[in-house]
Amino acid sequence: MVRTPNVEREVWSWLEEIMDPEIPVLSICDLGIVRNVRWEETELVVTITPTYSGCPAMAVINDEIRATLQKRGVTKVRIETQLSPAWTTDWLSQKGRERLREYGIAPPRPKSSGPIRCPHCGSDSTHLVSQFGSTPCKAIYVCDSCREPFDYFKCH
Amino acid sequence: MILEGRCLQRPRLIVSTDSAQLLDYVLRFGDNDLILSQRLAEWCGHGPILEEDLAQTNVALDLLGQAQLWLEYAGKVEDNGRDADQLAFLRDAHEFRNILLVEQENGDYAHTIVRQFYFDAWHFLLLEALESSGNQSIREISEKSLKEVRYHLDRSAGWVVRLGGGTEESHTRMERAINALWPFTGEMFEMDAVDAEMVEQGIGCDLRALRDPWLNQVSRTLSEATLNVPADCWMQRGGKRGIHSERLGYILAEMQFLQRAYPGAQW
């Protein structure tokens, strides 16, 4: 494989196909955990940063990265984990936020920018049930208008 | 992963003096997280309500992840071929460096919540201080963990207020838990030779300096919960030196069972 900036861009587009195993509408690039892709001689080094330190999805994601790149003919892959700067929901792409909402998960929203909006009916009248939900990254909310419970991808 | 047969040897704990102290220091953080995580995991499937069952295990999972980061680094410091798994599953009770508070039994929900609140309030201040450590790994792990611990503290403080100000029954139980666990809080602020050396080297933080801000937070929350701060009393200590209560043995018996019964077994 020829090492050119174009090829690195191509690698990014392959990684874009890998979905978070818990939230299958969100690619790992949209999630903001792929920090860097670079070649070291013939080895491809992918730097990723964990979302939550105990999130079991990270191990699955590492396997997926290896498998996806191997399928594209990249046999030597090294995955480096970078802790700092710590992952933040600010790195979620605009596209990712949109997809979360369509999927029924309220995207992260800083307190200062208003209440958490119900992804089902769009109401701003909602309340927190628990900061801890079905996965480390989500909180449980209930909508006071349509009465539906929903997941909120909490700010981090 | 557990490597072939290596676990059968008695691992060497003493390395060179310099790294031995750093190793001891890092193990304290890793072991606090690991043992409290294991305790919280005992609630899995037994929480009083579904949301709390999820919350306890989410906090346990965060702490387990943090323990893994600390123990991985401890393995590198030791430089003797042991990884995070080996340090977690193949050390005996006297080699654990966690404070006594985290190994205390879950008891009723009041005990679990108060133990968590005392720990979270301290954990938060500790990580905040370690964010400016001169040691890059300690700094990075602290920065990462702090973001998670912020949520832990929010939750446990919130429950202290709700249960303290709840019914007569919940208030009485909280009072009992606050007093029963108080003698285990002194160890969090105790400075020994390892702590002093780490401060000297610009790696560690002065634990005594965390005492006032911790007490402020605890007093504020307890007063909101209509509960009283316990009076000064004799404090239990020893965990940081590997002198534990018999409770740790039971925790390890369960946590380490698989690796002890089937050495080298892999997932």
# chains A, B, ... in the order shown; residues from 1 in each chain; ligands from 1

call {"tool": "select_by_dssp", "arguments": {"residues": "region 18-178 of chain B", "states": "helix (DSSP H, G or I)", "output": "PyMOL selection string"}}
result
chain B and resi 18-41+50-78+84-89+93-95+100-103+109-130+136-164+168-178

call {"tool": "closest_atom_pairs", "arguments": {"of": "chain A", "to": "chain B", "cutoff": "10 Å", "atoms": "only C-alpha atoms", "output": "JSON lines"}}
result
{"residue": "A:Pro50", "atom": "CA", "partner": "B:Lys144", "partner_atom": "CA", "distance": 9.1}
{"residue": "A:Thr51", "atom": "CA", "partner": "B:Lys144", "partner_atom": "CA", "distance": 9.3}
{"residue": "A:Tyr52", "atom": "CA", "partner": "B:Asp62", "partner_atom": "CA", "distance": 6.9}
{"residue": "A:Ser53", "atom": "CA", "partner": "B:Gly65", "partner_atom": "CA", "distance": 4.5}
{"residue": "A:Gly54", "atom": "CA", "partner": "B:Gly65", "partner_atom": "CA", "distance": 3.6}
{"residue": "A:Cys55", "atom": "CA", "partner": "B:Gly65", "partner_atom": "CA", "distance": 7.3}
{"residue": "A:Pro56", "atom": "CA", "partner": "B:Leu61", "partner_atom": "CA", "distance": 9.0}
{"residue": "A:Gln82", "atom": "CA", "partner": "B:Glu140", "partner_atom": "CA", "distance": 9.1}
{"residue": "A:Leu83", "atom": "CA", "partner": "B:Glu140", "partner_atom": "CA", "distance": 6.0}
{"residue": "A:Ser84", "atom": "CA", "partner": "B:Glu140", "partner_atom": "CA", "distance": 5.6}
{"residue": "A:Pro85", "atom": "CA", "partner": "B:Glu140", "partner_atom": "CA", "distance": 7.9}
{"residue": "A:Ala86", "atom": "CA", "partner": "B:Lys144", "partner_atom": "CA", "distance": 5.4}
{"residue": "A:Trp87", "atom": "CA", "partner": "B:Lys144", "partner_atom": "CA", "distance": 7.9}
{"residue": "A:Thr88", "atom": "CA", "partner": "B:Lys147", "partner_atom": "CA", "distance": 9.2}
{"residue": "A:Val129", "atom": "CA", "partner": "B:Glu51", "partner_atom": "CA", "distance": 7.8}
{"residue": "A:Ser130", "atom": "CA", "partner": "B:Glu51", "partner_atom": "CA", "distance": 6.5}
{"residue": "A:Gln131", "atom": "CA", "partner": "B:Tyr151", "partner_atom": "CA", "distance": 7.4}
{"residue": "A:Phe132", "atom": "CA", "partner": "B:Ala55", "partner_atom": "CA", "distance": 4.9}
{"residue": "A:Gly133", "atom": "CA", "partner": "B:Leu54", "partner_atom": "CA", "distance": 6.3}
{"residue": "A:Ser134", "atom": "CA", "partner": "B:Leu54", "partner_atom": "CA", "distance": 7.1}
{"residue": "A:Thr135", "atom": "CA", "partner": "B:Asn58", "partner_atom": "CA", "distance": 7.5}
{"residue": "A:Pro136", "atom": "CA", "partner": "B:Asn58", "partner_atom": "CA", "distance": 6.1}
{"residue": "A:Cys137", "atom": "CA", "partner": "B:Asn58", "partner_atom": "CA", "distance": 9.6}
{"residue": "A:Ala139", "atom": "CA", "partner": "B:Ala55", "partner_atom": "CA", "distance": 9.6}
{"residue": "A:Ile140", "atom": "CA", "partner": "B:Glu51", "partner_atom": "CA", "distance": 8.5}
{"residue": "A:Cys155", "atom": "CA", "partner": "B:Lys147", "partner_atom": "CA", "distance": 10.0}
{"residue": "A:His156", "atom": "CA", "partner": "B:Lys147", "partner_atom": "CA", "distance": 6.7}

call {"tool": "write_last_selection", "arguments": {"atoms": "C-alpha atoms", "output": "compact mmCIF listing (two decimals), in the first residue's frame"}}
result
# COMPACT_ATOMS: atom_id res chain seq x y z
CA PRO A 50 -11.87 5.58 25.76
CA THR A 51 -15.30 7.08 26.45
CA TYR A 52 -15.72 5.75 30.01
CA SER A 53 -12.83 3.87 31.60
CA GLY A 54 -14.91 0.74 32.26
CA CYS A 55 -16.98 0.72 29.06
CA PRO A 56 -16.96 -2.85 27.69
CA GLN A 82 -4.66 7.73 24.63
CA LEU A 83 -6.11 8.93 27.95
CA SER A 84 -5.32 12.62 27.74
CA PRO A 85 -7.00 14.86 26.77
CA ALA A 86 -9.92 12.90 28.23
CA TRP A 87 -12.79 12.15 25.87
CA THR A 88 -15.63 14.66 25.98
CA VAL A 129 -34.98 9.73 36.69
CA SER A 130 -31.37 8.59 37.16
CA GLN A 131 -27.94 9.79 36.04
CA PHE A 132 -27.08 6.14 35.38
CA GLY A 133 -28.78 4.17 32.63
CA SER A 134 -28.41 1.16 30.37
CA THR A 135 -24.80 2.03 29.45
CA PRO A 136 -22.21 4.25 31.20
CA CYS A 137 -22.82 7.10 28.75
CA ALA A 139 -28.98 8.80 31.84
CA ILE A 140 -32.67 7.96 32.18
CA CYS A 155 -22.55 15.45 28.98
CA HIS A 156 -19.09 14.27 29.84

call {"tool": "residues_around", "arguments": {"residues": "Asp90 (chain A)", "least_positions_apart": "4", "cutoff": "10 Å", "atoms": "only C-alpha atoms", "output": "ChimeraX atom specification"}}
result
/A:31-32,94,108-110,155-156

call {"tool": "write_last_selection", "arguments": {"atoms": "N, CA and C atoms", "output": "PDB file, in the first residue's frame"}}
result
ATOM      1  N   LEU A  31     -18.533   9.489  17.185  1.00  0.00           N
ATOM      2  CA  LEU A  31     -18.415   9.443  18.639  1.00  0.00           C
ATOM      3  C   LEU A  31     -17.205  10.245  19.128  1.00  0.00           C
ATOM      4  N   GLY A  32     -16.255  10.451  18.210  1.00  0.00           N
ATOM      5  CA  GLY A  32     -15.081  11.263  18.551  1.00  0.00           C
ATOM      6  C   GLY A  32     -13.996  10.507  19.291  1.00  0.00           C
ATOM      7  N   GLN A  94     -21.822  16.728  14.597  1.00  0.00           N
ATOM      8  CA  GLN A  94     -23.181  17.243  14.410  1.00  0.00           C
ATOM      9  C   GLN A  94     -24.069  16.144  13.834  1.00  0.00           C
ATOM     10  N   PRO A 108     -26.376  15.015  23.907  1.00  0.00           N
ATOM     11  CA  PRO A 108     -25.893  15.797  25.048  1.00  0.00           C
ATOM     12  C   PRO A 108     -26.148  17.289  24.869  1.00  0.00           C
ATOM     13  N   ARG A 109     -26.495  17.936  25.955  1.00  0.00           N
ATOM     14  CA  ARG A 109     -26.790  19.361  25.887  1.00  0.00           C
ATOM     15  C   ARG A 109     -26.329  19.999  27.203  1.00  0.00           C
ATOM     16  N   PRO A 110     -25.401  20.943  27.135  1.00  0.00           N
ATOM     17  CA  PRO A 110     -24.936  21.584  28.369  1.00  0.00           C
ATOM     18  C   PRO A 110     -26.104  22.253  29.094  1.00  0.00           C
ATOM     19  N   CYS A 155     -23.766  14.647  29.203  1.00  0.00           N
ATOM     20  CA  CYS A 155     -22.554  15.447  28.985  1.00  0.00           C
ATOM     21  C   CYS A 155     -21.406  14.851  29.772  1.00  0.00           C
ATOM     22  N   HIS A 156     -20.241  14.850  29.159  1.00  0.00           N
ATOM     23  CA  HIS A 156     -19.088  14.274  29.842  1.00  0.00           C
ATOM     24  C   HIS A 156     -17.831  15.025  29.444  1.00  0.00           C
TER      25      HIS A 156
END

call {"tool": "residues_around", "arguments": {"residues": "Ile65 (chain A)", "least_positions_apart": "6", "cutoff": "9 Å", "atoms": "only C-alpha atoms", "output": "MDAnalysis selection string"}}
result
chainID A and resid 15 18 46 77 79

call {"tool": "write_last_selection", "arguments": {"atoms": "N, CA and C atoms", "output": "PDB file, in the first residue's frame"}}
result
ATOM      1  N   LEU A  15     -13.046   3.635   8.757  1.00  0.00           N
ATOM      2  CA  LEU A  15     -13.383   3.644  10.191  1.00  0.00           C
ATOM      3  C   LEU A  15     -14.786   4.208  10.420  1.00  0.00           C
ATOM      4  N   ILE A  18     -17.543   1.777  11.026  1.00  0.00           N
ATOM      5  CA  ILE A  18     -17.630   0.989  12.270  1.00  0.00           C
ATOM      6  C   ILE A  18     -18.569   1.683  13.253  1.00  0.00           C
ATOM      7  N   VAL A  46      -3.577   3.356  14.851  1.00  0.00           N
ATOM      8  CA  VAL A  46      -4.842   4.048  15.098  1.00  0.00           C
ATOM      9  C   VAL A  46      -4.877   4.421  16.576  1.00  0.00           C
ATOM     10  N   VAL A  77      -1.677  -3.690  12.015  1.00  0.00           N
ATOM     11  CA  VAL A  77      -2.422  -2.607  12.679  1.00  0.00           C
ATOM     12  C   VAL A  77      -2.033  -2.560  14.149  1.00  0.00           C
ATOM     13  N   ILE A  79      -3.199  -0.559  17.700  1.00  0.00           N
ATOM     14  CA  ILE A  79      -4.168   0.368  18.285  1.00  0.00           C
ATOM     15  C   ILE A  79      -3.584   0.926  19.575  1.00  0.00           C
TER      16      ILE A  79
END

call {"tool": "residues_around", "arguments": {"residues": "Val34 (chain A)", "least_positions_apart": "3", "cutoff": "9 Å", "atoms": "only C-alpha atoms", "output": "list in words"}}
result
Trp12, Leu15, Ile28, Cys29, Asp30, Leu31, Val37, Val46, Thr47, Ile48 and Thr49 of chain A

call {"tool": "residues_around", "arguments": {"residues": "Lys95 (chain A)", "least_positions_apart": "2", "cutoff": "12 Å", "atoms": "only C-alpha atoms", "output": "NGL selection string"}}
result
:A and (16 or 25-27 or 29-32 or 91-93 or 97-102 or 107)

call {"tool": "residues_around", "arguments": {"residues": "Gly239 (chain B)", "least_positions_apart": "5", "cutoff": "7 Å", "atoms": "only C-alpha atoms", "output": "ChimeraX atom specification"}}
result
/B:97-100,244

call {"tool": "write_last_selection", "arguments": {"atoms": "N, CA and C atoms", "output": "PDB file, in the first residue's frame"}}
result
ATOM      1  N   ARG B  97      -3.644  -2.812  49.203  1.00  0.00           N
ATOM      2  CA  ARG B  97      -3.301  -1.519  49.806  1.00  0.00           C
ATOM      3  C   ARG B  97      -4.503  -0.580  49.924  1.00  0.00           C
ATOM      4  N   ASN B  98      -5.713  -1.122  49.797  1.00  0.00           N
ATOM      5  CA  ASN B  98      -6.904  -0.279  49.904  1.00  0.00           C
ATOM      6  C   ASN B  98      -7.156   0.153  51.345  1.00  0.00           C
ATOM      7  N   ILE B  99      -7.827   1.284  51.493  1.00  0.00           N
ATOM      8  CA  ILE B  99      -8.217   1.733  52.829  1.00  0.00           C
ATOM      9  C   ILE B  99      -9.352   0.836  53.334  1.00  0.00           C
ATOM     10  N   LEU B 100      -9.493   0.783  54.676  1.00  0.00           N
ATOM     11  CA  LEU B 100     -10.455  -0.139  55.281  1.00  0.00           C
ATOM     12  C   LEU B 100     -11.905   0.208  54.934  1.00  0.00           C
ATOM     13  N   HIS B 244      -5.571  -5.695  57.092  1.00  0.00           N
ATOM     14  CA  HIS B 244      -6.984  -5.558  56.770  1.00  0.00           C
ATOM     15  C   HIS B 244      -7.887  -6.237  57.791  1.00  0.00           C
TER      16      HIS B 244
END

call {"tool": "closest_residue", "arguments": {"among": "B:Leu227, B:Leu127, B:Leu27, B:Cys44", "to": "Thr172 (chain B)", "atoms": "only C-alpha atoms"}}
result
B:Leu227

call {"tool": "closest_residue", "arguments": {"among": "A:Cys143, A:Val45, A:Met19, A:Ile33", "to": "Glu64 (chain A)", "atoms": "only C-alpha atoms"}}
result
A:Met19

call {"tool": "atom_distance", "arguments": {"atom1": "CA of Thr226 (chain B)", "atom2": "CA of Pro213 (chain B)"}}
result
19.9 Å

call {"tool": "closest_residue", "arguments": {"among": "B:Asn32, B:Gln104, B:Gln86, B:Gln38", "to": "Glu246 (chain B)", "atoms": "only C-alpha atoms"}}
result
B:Gln104

call {"tool": "atom_distance", "arguments": {"atom1": "CA of Asp151 (chain A)", "atom2": "CA of Ile105 (chain A)"}}
result
5.0 Å

call {"tool": "closest_residue", "arguments": {"among": "A:Phe153, A:Lys71, A:Glu41, A:Glu8", "to": "Tyr103 (chain A)", "atoms": "only C-alpha atoms"}}
result
A:Phe153

call {"tool": "select_by_dssp", "arguments": {"residues": "region 79-138 of chain A", "states": "strand (DSSP E or B)", "output": "ChimeraX atom specification"}}
result
/A:79-81,105-106,126-130,138
